[in-house]
>>> print(open('input-v4.tsv').read())   # TSV, N, CA and C atoms
chain	number	residue	atom	x	y	z
A	1	MET	N	-0.68	1.46	-21.56
A	1	MET	CA	-0.72	1.84	-20.16
A	1	MET	C	-1.94	1.29	-19.44
A	2	ALA	N	-2.99	1.01	-20.19
A	2	ALA	CA	-4.21	0.51	-19.54
A	2	ALA	C	-3.93	-0.77	-18.79
A	3	ASP	N	-3.11	-1.65	-19.35
A	3	ASP	CA	-2.77	-2.90	-18.66
A	3	ASP	C	-2.02	-2.61	-17.37
A	4	ASP	N	-1.09	-1.65	-17.41
A	4	ASP	CA	-0.37	-1.27	-16.19
A	4	ASP	C	-1.33	-0.72	-15.14
A	5	GLU	N	-2.24	0.13	-15.57
A	5	GLU	CA	-3.21	0.68	-14.63
A	5	GLU	C	-4.06	-0.42	-14.01
A	6	THR	N	-4.45	-1.41	-14.80
A	6	THR	CA	-5.22	-2.54	-14.28
A	6	THR	C	-4.39	-3.34	-13.28
A	7	GLN	N	-3.12	-3.59	-13.60
A	7	GLN	CA	-2.24	-4.33	-12.68
A	7	GLN	C	-2.11	-3.59	-11.35
A	8	ILE	N	-1.93	-2.28	-11.42
A	8	ILE	CA	-1.77	-1.48	-10.19
A	8	ILE	C	-3.07	-1.46	-9.40
A	9	ARG	N	-4.18	-1.29	-10.08
A	9	ARG	CA	-5.49	-1.30	-9.40
A	9	ARG	C	-5.69	-2.64	-8.68
A	10	THR	N	-5.33	-3.74	-9.33
A	10	THR	CA	-5.45	-5.07	-8.71
A	10	THR	C	-4.52	-5.20	-7.52
A	11	LEU	N	-3.27	-4.72	-7.66
A	11	LEU	CA	-2.30	-4.77	-6.56
A	11	LEU	C	-2.84	-4.03	-5.34
A	12	ILE	N	-3.38	-2.83	-5.53
A	12	ILE	CA	-3.87	-2.03	-4.41
A	12	ILE	C	-5.13	-2.65	-3.81
A	13	THR	N	-6.00	-3.16	-4.64
A	13	THR	CA	-7.21	-3.81	-4.14
A	13	THR	C	-6.86	-5.03	-3.30
A	14	LYS	N	-5.91	-5.84	-3.77
A	14	LYS	CA	-5.47	-7.01	-2.99
A	14	LYS	C	-4.81	-6.58	-1.69
A	15	TRP	N	-4.03	-5.50	-1.74
A	15	TRP	CA	-3.39	-4.98	-0.53
A	15	TRP	C	-4.46	-4.58	0.50
A	16	ALA	N	-5.48	-3.83	0.07
A	16	ALA	CA	-6.54	-3.39	0.99
A	16	ALA	C	-7.30	-4.58	1.56
A	17	GLU	N	-7.54	-5.59	0.74
A	17	GLU	CA	-8.21	-6.80	1.23
A	17	GLU	C	-7.35	-7.51	2.27
A	18	ALA	N	-6.03	-7.55	2.04
A	18	ALA	CA	-5.11	-8.16	3.01
A	18	ALA	C	-5.11	-7.37	4.32
A	19	VAL	N	-5.12	-6.04	4.22
A	19	VAL	CA	-5.19	-5.21	5.43
A	19	VAL	C	-6.46	-5.56	6.19
A	20	HIS	N	-7.57	-5.61	5.50
A	20	HIS	CA	-8.86	-5.90	6.15
A	20	HIS	C	-8.86	-7.28	6.81
A	21	ARG	N	-8.20	-8.25	6.21
A	21	ARG	CA	-8.12	-9.60	6.79
A	21	ARG	C	-7.10	-9.72	7.91
A	22	GLY	N	-6.22	-8.73	8.03
A	22	GLY	CA	-5.14	-8.84	9.01
A	22	GLY	C	-4.05	-9.79	8.53
A	23	ASP	N	-3.86	-9.87	7.22
A	23	ASP	CA	-2.90	-10.78	6.58
A	23	ASP	C	-1.61	-10.03	6.31
A	24	LEU	N	-0.64	-10.12	7.21
A	24	LEU	CA	0.59	-9.36	7.09
A	24	LEU	C	1.37	-9.72	5.83
A	25	ASP	N	1.46	-11.00	5.49
A	25	ASP	CA	2.17	-11.38	4.26
A	25	ASP	C	1.53	-10.74	3.04
A	26	GLY	N	0.22	-10.70	3.00
A	26	GLY	CA	-0.49	-10.06	1.89
A	26	GLY	C	-0.26	-8.56	1.86
A	27	VAL	N	-0.17	-7.93	3.03
A	27	VAL	CA	0.09	-6.49	3.10
A	27	VAL	C	1.49	-6.18	2.57
A	28	LEU	N	2.45	-7.03	2.90
A	28	LEU	CA	3.84	-6.79	2.50
A	28	LEU	C	4.11	-7.13	1.04
A	29	ALA	N	3.29	-7.98	0.45
A	29	ALA	CA	3.50	-8.39	-0.94
A	29	ALA	C	3.56	-7.15	-1.82
A	30	ASP	N	4.43	-7.16	-2.78
A	30	ASP	CA	4.55	-6.09	-3.77
A	30	ASP	C	5.07	-4.78	-3.19
A	31	HIS	N	5.69	-4.81	-2.03
A	31	HIS	CA	6.31	-3.61	-1.46
A	31	HIS	C	7.83	-3.72	-1.57
A	32	ALA	N	8.47	-2.60	-1.87
A	32	ALA	CA	9.93	-2.54	-2.02
A	32	ALA	C	10.61	-2.67	-0.66
A	33	ASP	N	11.81	-3.24	-0.67
A	33	ASP	CA	12.59	-3.35	0.56
A	33	ASP	C	12.89	-1.98	1.17
A	34	ASP	N	12.98	-0.94	0.32
A	34	ASP	CA	13.32	0.39	0.80
A	34	ASP	C	12.09	1.32	0.86
A	35	ILE	N	10.91	0.74	1.05
A	35	ILE	CA	9.68	1.54	1.09
A	35	ILE	C	9.80	2.67	2.10
A	36	LEU	N	9.19	3.80	1.75
A	36	LEU	CA	9.05	4.92	2.67
A	36	LEU	C	7.56	5.12	2.89
A	37	MET	N	7.15	5.10	4.16
A	37	MET	CA	5.74	5.29	4.48
A	37	MET	C	5.58	6.44	5.46
A	38	TYR	N	4.63	7.32	5.14
A	38	TYR	CA	4.15	8.33	6.08
A	38	TYR	C	2.78	7.85	6.53
A	39	ASP	N	2.59	7.74	7.84
A	39	ASP	CA	1.37	7.15	8.38
A	39	ASP	C	0.67	8.16	9.29
A	40	VAL	N	-0.52	7.80	9.71
A	40	VAL	CA	-1.28	8.66	10.62
A	40	VAL	C	-0.58	8.74	11.99
A	41	PRO	N	-0.27	7.60	12.62
A	41	PRO	CA	0.43	7.70	13.91
A	41	PRO	C	1.92	7.99	13.71
A	42	PRO	N	2.60	8.45	14.75
A	42	PRO	CA	4.04	8.70	14.68
A	42	PRO	C	4.80	7.41	14.33
A	43	PRO	N	6.01	7.56	13.84
A	43	PRO	CA	6.80	8.78	13.77
A	43	PRO	C	6.42	9.62	12.55
A	44	HIS	N	6.35	10.91	12.73
A	44	HIS	CA	5.90	11.81	11.67
A	44	HIS	C	6.94	12.01	10.58
A	45	GLU	N	8.19	11.62	10.85
A	45	GLU	CA	9.22	11.71	9.81
A	45	GLU	C	9.19	10.50	8.88
A	46	GLY	N	8.27	9.59	9.14
A	46	GLY	CA	8.09	8.44	8.26
A	46	GLY	C	8.87	7.21	8.72
A	47	ILE	N	8.62	6.14	8.01
A	47	ILE	CA	9.25	4.84	8.30
A	47	ILE	C	9.87	4.37	7.00
A	48	ARG	N	11.14	3.98	7.05
A	48	ARG	CA	11.83	3.52	5.86
A	48	ARG	C	12.27	2.07	6.05
A	49	GLY	N	11.91	1.24	5.08
A	49	GLY	CA	12.32	-0.16	5.09
A	49	GLY	C	11.16	-1.09	5.34
A	50	LEU	N	11.25	-2.28	4.76
A	50	LEU	CA	10.15	-3.24	4.83
A	50	LEU	C	9.92	-3.77	6.24
A	51	LEU	N	10.98	-4.02	7.00
A	51	LEU	CA	10.78	-4.53	8.37
A	51	LEU	C	10.12	-3.50	9.28
A	52	PRO	N	10.56	-2.23	9.29
A	52	PRO	CA	9.83	-1.23	10.08
A	52	PRO	C	8.39	-1.04	9.60
A	53	TYR	N	8.19	-1.11	8.28
A	53	TYR	CA	6.84	-1.01	7.72
A	53	TYR	C	5.97	-2.15	8.27
A	54	ALA	N	6.52	-3.37	8.24
A	54	ALA	CA	5.77	-4.54	8.74
A	54	ALA	C	5.40	-4.38	10.21
A	55	ALA	N	6.28	-3.77	10.99
A	55	ALA	CA	6.04	-3.62	12.43
A	55	ALA	C	4.89	-2.68	12.75
A	56	THR	N	4.50	-1.83	11.80
A	56	THR	CA	3.41	-0.89	12.06
A	56	THR	C	2.04	-1.55	12.00
A	57	TRP	N	1.93	-2.71	11.34
A	57	TRP	CA	0.62	-3.28	11.07
A	57	TRP	C	-0.04	-4.04	12.22
A	58	PRO	N	0.65	-4.82	13.05
A	58	PRO	CA	-0.06	-5.56	14.11
A	58	PRO	C	-0.92	-4.69	15.02
A	59	PRO	N	-0.46	-3.50	15.47
A	59	PRO	CA	-1.37	-2.68	16.28
A	59	PRO	C	-2.62	-2.25	15.50
A	60	PHE	N	-2.46	-1.97	14.21
A	60	PHE	CA	-3.62	-1.61	13.41
A	60	PHE	C	-4.57	-2.78	13.29
A	61	PHE	N	-4.03	-3.99	13.09
A	61	PHE	CA	-4.88	-5.19	13.00
A	61	PHE	C	-5.65	-5.38	14.30
A	62	ASP	N	-5.00	-5.15	15.44
A	62	ASP	CA	-5.68	-5.28	16.74
A	62	ASP	C	-6.84	-4.29	16.83
A	63	TRP	N	-6.61	-3.04	16.42
A	63	TRP	CA	-7.67	-2.03	16.44
A	63	TRP	C	-8.79	-2.43	15.48
A	64	GLN	N	-8.41	-2.88	14.31
A	64	GLN	CA	-9.40	-3.23	13.29
A	64	GLN	C	-10.26	-4.42	13.73
A	65	ALA	N	-9.70	-5.33	14.52
A	65	ALA	CA	-10.42	-6.51	15.00
A	65	ALA	C	-11.60	-6.13	15.89
A	66	GLN	N	-11.66	-4.89	16.32
A	66	GLN	CA	-12.77	-4.41	17.13
A	66	GLN	C	-13.98	-4.04	16.28
A	67	GLY	N	-13.91	-4.33	14.97
A	67	GLY	CA	-15.05	-4.09	14.10
A	67	GLY	C	-14.87	-2.96	13.11
A	68	ALA	N	-13.67	-2.42	13.01
A	68	ALA	CA	-13.42	-1.31	12.09
A	68	ALA	C	-13.39	-1.81	10.65
A	69	CYS	N	-13.70	-0.91	9.74
A	69	CYS	CA	-13.66	-1.26	8.31
A	69	CYS	C	-12.43	-0.63	7.67
A	70	PHE	N	-12.07	-1.13	6.51
A	70	PHE	CA	-10.96	-0.62	5.71
A	70	PHE	C	-11.34	-0.91	4.27
A	71	ASP	N	-12.17	-0.04	3.70
A	71	ASP	CA	-12.79	-0.29	2.40
A	71	ASP	C	-12.48	0.85	1.43
A	72	ILE	N	-12.00	0.49	0.24
A	72	ILE	CA	-11.73	1.49	-0.78
A	72	ILE	C	-13.04	2.09	-1.26
A	73	ASP	N	-13.10	3.41	-1.24
A	73	ASP	CA	-14.26	4.16	-1.73
A	73	ASP	C	-14.00	4.61	-3.16
A	74	THR	N	-12.85	5.26	-3.39
A	74	THR	CA	-12.45	5.67	-4.73
A	74	THR	C	-10.97	5.33	-4.93
A	75	LEU	N	-10.59	5.03	-6.17
A	75	LEU	CA	-9.20	4.71	-6.49
A	75	LEU	C	-8.90	5.21	-7.89
A	76	ASP	N	-7.87	6.05	-8.01
A	76	ASP	CA	-7.42	6.55	-9.31
A	76	ASP	C	-5.96	6.18	-9.49
A	77	VAL	N	-5.61	5.75	-10.71
A	77	VAL	CA	-4.26	5.30	-11.02
A	77	VAL	C	-3.75	6.03	-12.25
A	78	THR	N	-2.50	6.47	-12.19
A	78	THR	CA	-1.81	7.04	-13.34
A	78	THR	C	-0.50	6.30	-13.49
A	79	ALA	N	-0.27	5.70	-14.66
A	79	ALA	CA	0.92	4.86	-14.86
A	79	ALA	C	1.72	5.33	-16.06
A	80	GLY	N	3.02	5.44	-15.88
A	80	GLY	CA	3.96	5.65	-16.96
A	80	GLY	C	4.61	4.31	-17.29
A	81	GLU	N	5.74	4.36	-17.98
A	81	GLU	CA	6.42	3.10	-18.34
A	81	GLU	C	6.96	2.37	-17.13
A	82	ASP	N	7.62	3.11	-16.22
A	82	ASP	CA	8.24	2.44	-15.08
A	82	ASP	C	7.98	3.14	-13.75
A	83	VAL	N	7.16	4.19	-13.75
A	83	VAL	CA	6.79	4.90	-12.52
A	83	VAL	C	5.29	5.18	-12.58
A	84	ALA	N	4.64	5.06	-11.43
A	84	ALA	CA	3.20	5.30	-11.37
A	84	ALA	C	2.84	5.84	-10.00
A	85	TYR	N	1.66	6.44	-9.93
A	85	TYR	CA	1.12	6.82	-8.63
A	85	TYR	C	-0.37	6.51	-8.63
A	86	ALA	N	-0.88	6.34	-7.43
A	86	ALA	CA	-2.30	6.08	-7.25
A	86	ALA	C	-2.75	6.81	-6.00
A	87	HIS	N	-3.99	7.25	-6.02
A	87	HIS	CA	-4.54	7.87	-4.81
A	87	HIS	C	-5.95	7.33	-4.61
A	88	ALA	N	-6.29	7.21	-3.34
A	88	ALA	CA	-7.58	6.60	-2.99
A	88	ALA	C	-8.14	7.27	-1.74
A	89	LEU	N	-9.44	7.12	-1.60
A	89	LEU	CA	-10.13	7.45	-0.36
A	89	LEU	C	-10.72	6.16	0.17
A	90	LEU	N	-10.55	5.92	1.47
A	90	LEU	CA	-11.03	4.68	2.09
A	90	LEU	C	-11.93	4.99	3.27
A	91	ARG	N	-12.93	4.16	3.43
A	91	ARG	CA	-13.70	4.18	4.67
A	91	ARG	C	-12.86	3.40	5.67
A	92	CYS	N	-12.42	4.08	6.71
A	92	CYS	CA	-11.55	3.46	7.71
A	92	CYS	C	-11.98	3.97	9.07
A	93	GLY	N	-12.62	3.10	9.83
A	93	GLY	CA	-13.06	3.50	11.15
A	93	GLY	C	-14.00	2.47	11.75
A	94	THR	N	-14.26	2.64	13.02
A	94	THR	CA	-15.21	1.77	13.70
A	94	THR	C	-16.62	2.23	13.31
A	95	PRO	N	-17.62	1.39	13.50
A	95	PRO	CA	-18.99	1.82	13.21
A	95	PRO	C	-19.36	3.10	13.96
A	96	GLU	N	-18.89	3.23	15.20
A	96	GLU	CA	-19.20	4.42	16.00
A	96	GLU	C	-18.53	5.66	15.38
A	97	GLU	N	-17.27	5.54	14.99
A	97	GLU	CA	-16.56	6.68	14.39
A	97	GLU	C	-17.22	7.11	13.09
A	98	LEU	N	-17.61	6.14	12.27
A	98	LEU	CA	-18.22	6.47	10.99
A	98	LEU	C	-19.65	7.01	11.16
A	99	ALA	N	-20.34	6.56	12.21
A	99	ALA	CA	-21.67	7.12	12.48
A	99	ALA	C	-21.56	8.59	12.90
A	100	GLU	N	-20.52	8.89	13.68
A	100	GLU	CA	-20.31	10.27	14.14
A	100	GLU	C	-19.80	11.17	13.01
A	101	HIS	N	-18.99	10.60	12.10
A	101	HIS	CA	-18.40	11.35	10.98
A	101	HIS	C	-18.57	10.55	9.70
A	102	PRO	N	-19.77	10.46	9.14
A	102	PRO	CA	-20.03	9.58	7.99
A	102	PRO	C	-19.24	9.92	6.73
A	103	ALA	N	-18.81	11.15	6.57
A	103	ALA	CA	-18.06	11.53	5.36
A	103	ALA	C	-16.55	11.37	5.53
A	104	LEU	N	-16.09	11.02	6.72
A	104	LEU	CA	-14.65	10.91	6.98
A	104	LEU	C	-14.04	9.80	6.12
A	105	ARG	N	-12.94	10.12	5.45
A	105	ARG	CA	-12.23	9.15	4.63
A	105	ARG	C	-10.74	9.24	4.91
A	106	LEU	N	-10.10	8.07	4.92
A	106	LEU	CA	-8.65	8.00	4.98
A	106	LEU	C	-8.12	8.29	3.59
A	107	ARG	N	-7.14	9.18	3.50
A	107	ARG	CA	-6.52	9.50	2.22
A	107	ARG	C	-5.28	8.61	2.07
A	108	LEU	N	-5.13	8.03	0.90
A	108	LEU	CA	-4.03	7.10	0.64
A	108	LEU	C	-3.39	7.45	-0.68
A	109	THR	N	-2.06	7.53	-0.68
A	109	THR	CA	-1.30	7.74	-1.91
A	109	THR	C	-0.21	6.69	-1.99
A	110	PHE	N	-0.07	6.09	-3.17
A	110	PHE	CA	0.99	5.13	-3.45
A	110	PHE	C	1.90	5.69	-4.54
A	111	GLY	N	3.19	5.54	-4.37
A	111	GLY	CA	4.17	5.75	-5.44
A	111	GLY	C	4.73	4.39	-5.79
A	112	LEU	N	4.69	4.04	-7.06
A	112	LEU	CA	5.13	2.71	-7.50
A	112	LEU	C	6.21	2.82	-8.57
A	113	ARG	N	7.04	1.79	-8.64
A	113	ARG	CA	8.02	1.69	-9.71
A	113	ARG	C	7.98	0.27	-10.26
A	114	LYS	N	8.27	0.16	-11.53
A	114	LYS	CA	8.27	-1.15	-12.17
A	114	LYS	C	9.69	-1.70	-12.12
A	115	GLU	N	9.83	-2.87	-11.52
A	115	GLU	CA	11.12	-3.53	-11.38
A	115	GLU	C	11.02	-4.92	-12.00
A	116	ARG	N	11.86	-5.17	-12.97
A	116	ARG	CA	11.87	-6.48	-13.66
A	116	ARG	C	10.47	-6.85	-14.13
A	117	GLY	N	9.77	-5.86	-14.69
A	117	GLY	CA	8.45	-6.09	-15.26
A	117	GLY	C	7.30	-6.18	-14.26
A	118	ARG	N	7.57	-5.89	-12.99
A	118	ARG	CA	6.56	-6.03	-11.94
A	118	ARG	C	6.43	-4.73	-11.15
A	119	TRP	N	5.21	-4.31	-10.88
A	119	TRP	CA	4.98	-3.09	-10.10
A	119	TRP	C	5.25	-3.33	-8.63
A	120	THR	N	5.96	-2.37	-8.02
A	120	THR	CA	6.35	-2.46	-6.61
A	120	THR	C	6.02	-1.13	-5.92
A	121	VAL	N	5.47	-1.20	-4.72
A	121	VAL	CA	5.15	0.01	-3.96
A	121	VAL	C	6.44	0.50	-3.29
A	122	ALA	N	6.84	1.73	-3.65
A	122	ALA	CA	8.04	2.33	-3.09
A	122	ALA	C	7.72	3.42	-2.06
A	123	HIS	N	6.51	3.96	-2.16
A	123	HIS	CA	6.11	5.03	-1.24
A	123	HIS	C	4.62	4.87	-0.92
A	124	GLU	N	4.30	5.08	0.34
A	124	GLU	CA	2.91	4.96	0.78
A	124	GLU	C	2.65	6.08	1.78
A	125	HIS	N	1.53	6.74	1.64
A	125	HIS	CA	1.20	7.85	2.53
A	125	HIS	C	-0.26	7.73	2.94
A	126	HIS	N	-0.51	7.68	4.24
A	126	HIS	CA	-1.87	7.61	4.80
A	126	HIS	C	-2.10	8.89	5.59
A	127	SER	N	-3.28	9.48	5.46
A	127	SER	CA	-3.59	10.65	6.29
A	127	SER	C	-5.10	10.82	6.40
A	128	PHE	N	-5.49	11.50	7.46
A	128	PHE	CA	-6.86	11.95	7.63
A	128	PHE	C	-6.86	13.47	7.54
A	129	PRO	N	-7.95	14.05	7.06
A	129	PRO	CA	-8.04	15.51	7.07
A	129	PRO	C	-7.93	16.03	8.49
A	130	HIS	N	-7.33	17.18	8.65
A	130	HIS	CA	-7.21	17.79	9.97
A	130	HIS	C	-8.11	19.01	10.02
A	131	ASP	N	-9.11	18.93	10.86
A	131	ASP	CA	-10.06	20.05	10.99
A	131	ASP	C	-9.63	20.98	12.11
>>> encode(input="input-v4.tsv", output="structure tokens")
Amino acid sequence: MADDETQIRTLITKWAEAVHRGDLDGVLADHADDILMYDVPPPHEGIRGLLPYAATWPPFFDWQAQGACFDIDTLDVTAGEDVAYAHALLRCGTPEELAEHPALRLRLTFGLRKERGRWTVAHEHHSFPHD
């Protein structure tokens, strides 16, 4: 399982780097066609499918281009034979937002399945704590 955990850790790290670069193809890589994502902005019932998932990223890239960061702080992975999950905390915000709330972290959870020997993201959930 250690090899699977390493593969998943690499997949998520590359995904976060692609998000930070604004690289949509890199963000979509390794995601299932039937992905279900729950995100911070609406719709709160989630988004299902790779094309709707892809459509959520350009506005985020525009916001991020204003100087925001998207950096993994912690990442934990648990992998079985063909199903895995990972959870992470990310620094995600503009310098001003992080200066005002230095401990604020974006919570991220991935649900993955192994298809034809390759890990694929089937579920993604982003959230911020609600005070």
>>> atom_distance(input="input-v4.tsv", atom1="CA of Thr74 (chain A)", atom2="CA of Ala18 (chain A)")
17.5 Å
>>> closest_residue(input="input-v4.tsv", among="A:Leu36, A:Leu28, A:Val19, A:Leu90", to="Ala122 (chain A)", atoms="only N, CA and C atoms")
A:Leu36
>>> axis_aligned_box(input="input-v4.tsv", around="region 110-123 of chain A", padding_each_side="5 Å", output="lines of an AutoDock Vina configuration file")
center_x = 5.9
center_y = -0.4
center_z = -8.1
size_x = 21.9
size_y = 22.9
size_z = 24.3
>>> closest_residue(input="input-v4.tsv", among="A:Leu106, A:Ile12, A:Pro129, A:His123", to="Ile35 (chain A)", atoms="only C-alpha atoms")
A:His123
>>> closest_atom_pairs(input="input-v4.tsv", of="region 105-129 of chain A", to="region 30-34 of chain A", cutoff="6.5 Å", atoms="all atoms listed in the file", output="tab-separated table")
residue	atom	partner	partner_atom	distance
A:Trp119	C	A:Asp30	CA	5.6
A:Thr120	CA	A:Asp30	C	4.3
A:Val121	N	A:Asp30	C	3.9
A:Ala122	N	A:Ala32	N	5.0
>>> build_atoms(input="input-v4.tsv", residues="region 104-116 of chain A", atoms="N, CA, C and O atoms", output="PDB file, in the frame of the given file")
ATOM      1  N   LEU A 104     -16.090  11.020   6.720  1.00  0.00           N
ATOM      2  CA  LEU A 104     -14.650  10.910   6.980  1.00  0.00           C
ATOM      3  C   LEU A 104     -14.040   9.800   6.120  1.00  0.00           C
ATOM      4  O   LEU A 104     -14.556   8.685   6.079  1.00  0.00           O
ATOM      5  N   ARG A 105     -12.940  10.120   5.450  1.00  0.00           N
ATOM      6  CA  ARG A 105     -12.230   9.150   4.630  1.00  0.00           C
ATOM      7  C   ARG A 105     -10.740   9.240   4.910  1.00  0.00           C
ATOM      8  O   ARG A 105     -10.183  10.324   5.093  1.00  0.00           O
ATOM      9  N   LEU A 106     -10.100   8.070   4.920  1.00  0.00           N
ATOM     10  CA  LEU A 106      -8.650   8.000   4.980  1.00  0.00           C
ATOM     11  C   LEU A 106      -8.120   8.290   3.590  1.00  0.00           C
ATOM     12  O   LEU A 106      -8.626   7.745   2.600  1.00  0.00           O
ATOM     13  N   ARG A 107      -7.140   9.180   3.500  1.00  0.00           N
ATOM     14  CA  ARG A 107      -6.520   9.500   2.220  1.00  0.00           C
ATOM     15  C   ARG A 107      -5.280   8.610   2.070  1.00  0.00           C
ATOM     16  O   ARG A 107      -4.498   8.465   3.007  1.00  0.00           O
ATOM     17  N   LEU A 108      -5.130   8.030   0.900  1.00  0.00           N
ATOM     18  CA  LEU A 108      -4.030   7.100   0.640  1.00  0.00           C
ATOM     19  C   LEU A 108      -3.390   7.450  -0.680  1.00  0.00           C
ATOM     20  O   LEU A 108      -4.080   7.669  -1.679  1.00  0.00           O
ATOM     21  N   THR A 109      -2.060   7.530  -0.680  1.00  0.00           N
ATOM     22  CA  THR A 109      -1.300   7.740  -1.910  1.00  0.00           C
ATOM     23  C   THR A 109      -0.210   6.690  -1.990  1.00  0.00           C
ATOM     24  O   THR A 109       0.474   6.423  -1.003  1.00  0.00           O
ATOM     25  N   PHE A 110      -0.070   6.090  -3.170  1.00  0.00           N
ATOM     26  CA  PHE A 110       0.990   5.130  -3.450  1.00  0.00           C
ATOM     27  C   PHE A 110       1.900   5.690  -4.540  1.00  0.00           C
ATOM     28  O   PHE A 110       1.410   6.224  -5.533  1.00  0.00           O
ATOM     29  N   GLY A 111       3.190   5.540  -4.370  1.00  0.00           N
ATOM     30  CA  GLY A 111       4.170   5.750  -5.440  1.00  0.00           C
ATOM     31  C   GLY A 111       4.730   4.390  -5.790  1.00  0.00           C
ATOM     32  O   GLY A 111       5.153   3.634  -4.915  1.00  0.00           O
ATOM     33  N   LEU A 112       4.690   4.040  -7.060  1.00  0.00           N
ATOM     34  CA  LEU A 112       5.130   2.710  -7.500  1.00  0.00           C
ATOM     35  C   LEU A 112       6.210   2.820  -8.570  1.00  0.00           C
ATOM     36  O   LEU A 112       6.285   3.808  -9.288  1.00  0.00           O
ATOM     37  N   ARG A 113       7.040   1.790  -8.640  1.00  0.00           N
ATOM     38  CA  ARG A 113       8.020   1.690  -9.710  1.00  0.00           C
ATOM     39  C   ARG A 113       7.980   0.270 -10.260  1.00  0.00           C
ATOM     40  O   ARG A 113       7.664  -0.674  -9.537  1.00  0.00           O
ATOM     41  N   LYS A 114       8.270   0.160 -11.530  1.00  0.00           N
ATOM     42  CA  LYS A 114       8.270  -1.150 -12.170  1.00  0.00           C
ATOM     43  C   LYS A 114       9.690  -1.700 -12.120  1.00  0.00           C
ATOM     44  O   LYS A 114      10.635  -1.051 -12.560  1.00  0.00           O
ATOM     45  N   GLU A 115       9.830  -2.870 -11.520  1.00  0.00           N
ATOM     46  CA  GLU A 115      11.120  -3.530 -11.380  1.00  0.00           C
ATOM     47  C   GLU A 115      11.020  -4.920 -12.000  1.00  0.00           C
ATOM     48  O   GLU A 115      10.161  -5.713 -11.601  1.00  0.00           O
ATOM     49  N   ARG A 116      11.860  -5.170 -12.970  1.00  0.00           N
ATOM     50  CA  ARG A 116      11.870  -6.480 -13.660  1.00  0.00           C
ATOM     51  C   ARG A 116      10.470  -6.850 -14.130  1.00  0.00           C
ATOM     52  O   ARG A 116      10.022  -7.982 -13.954  1.00  0.00           O
TER      53      ARG A 116
END
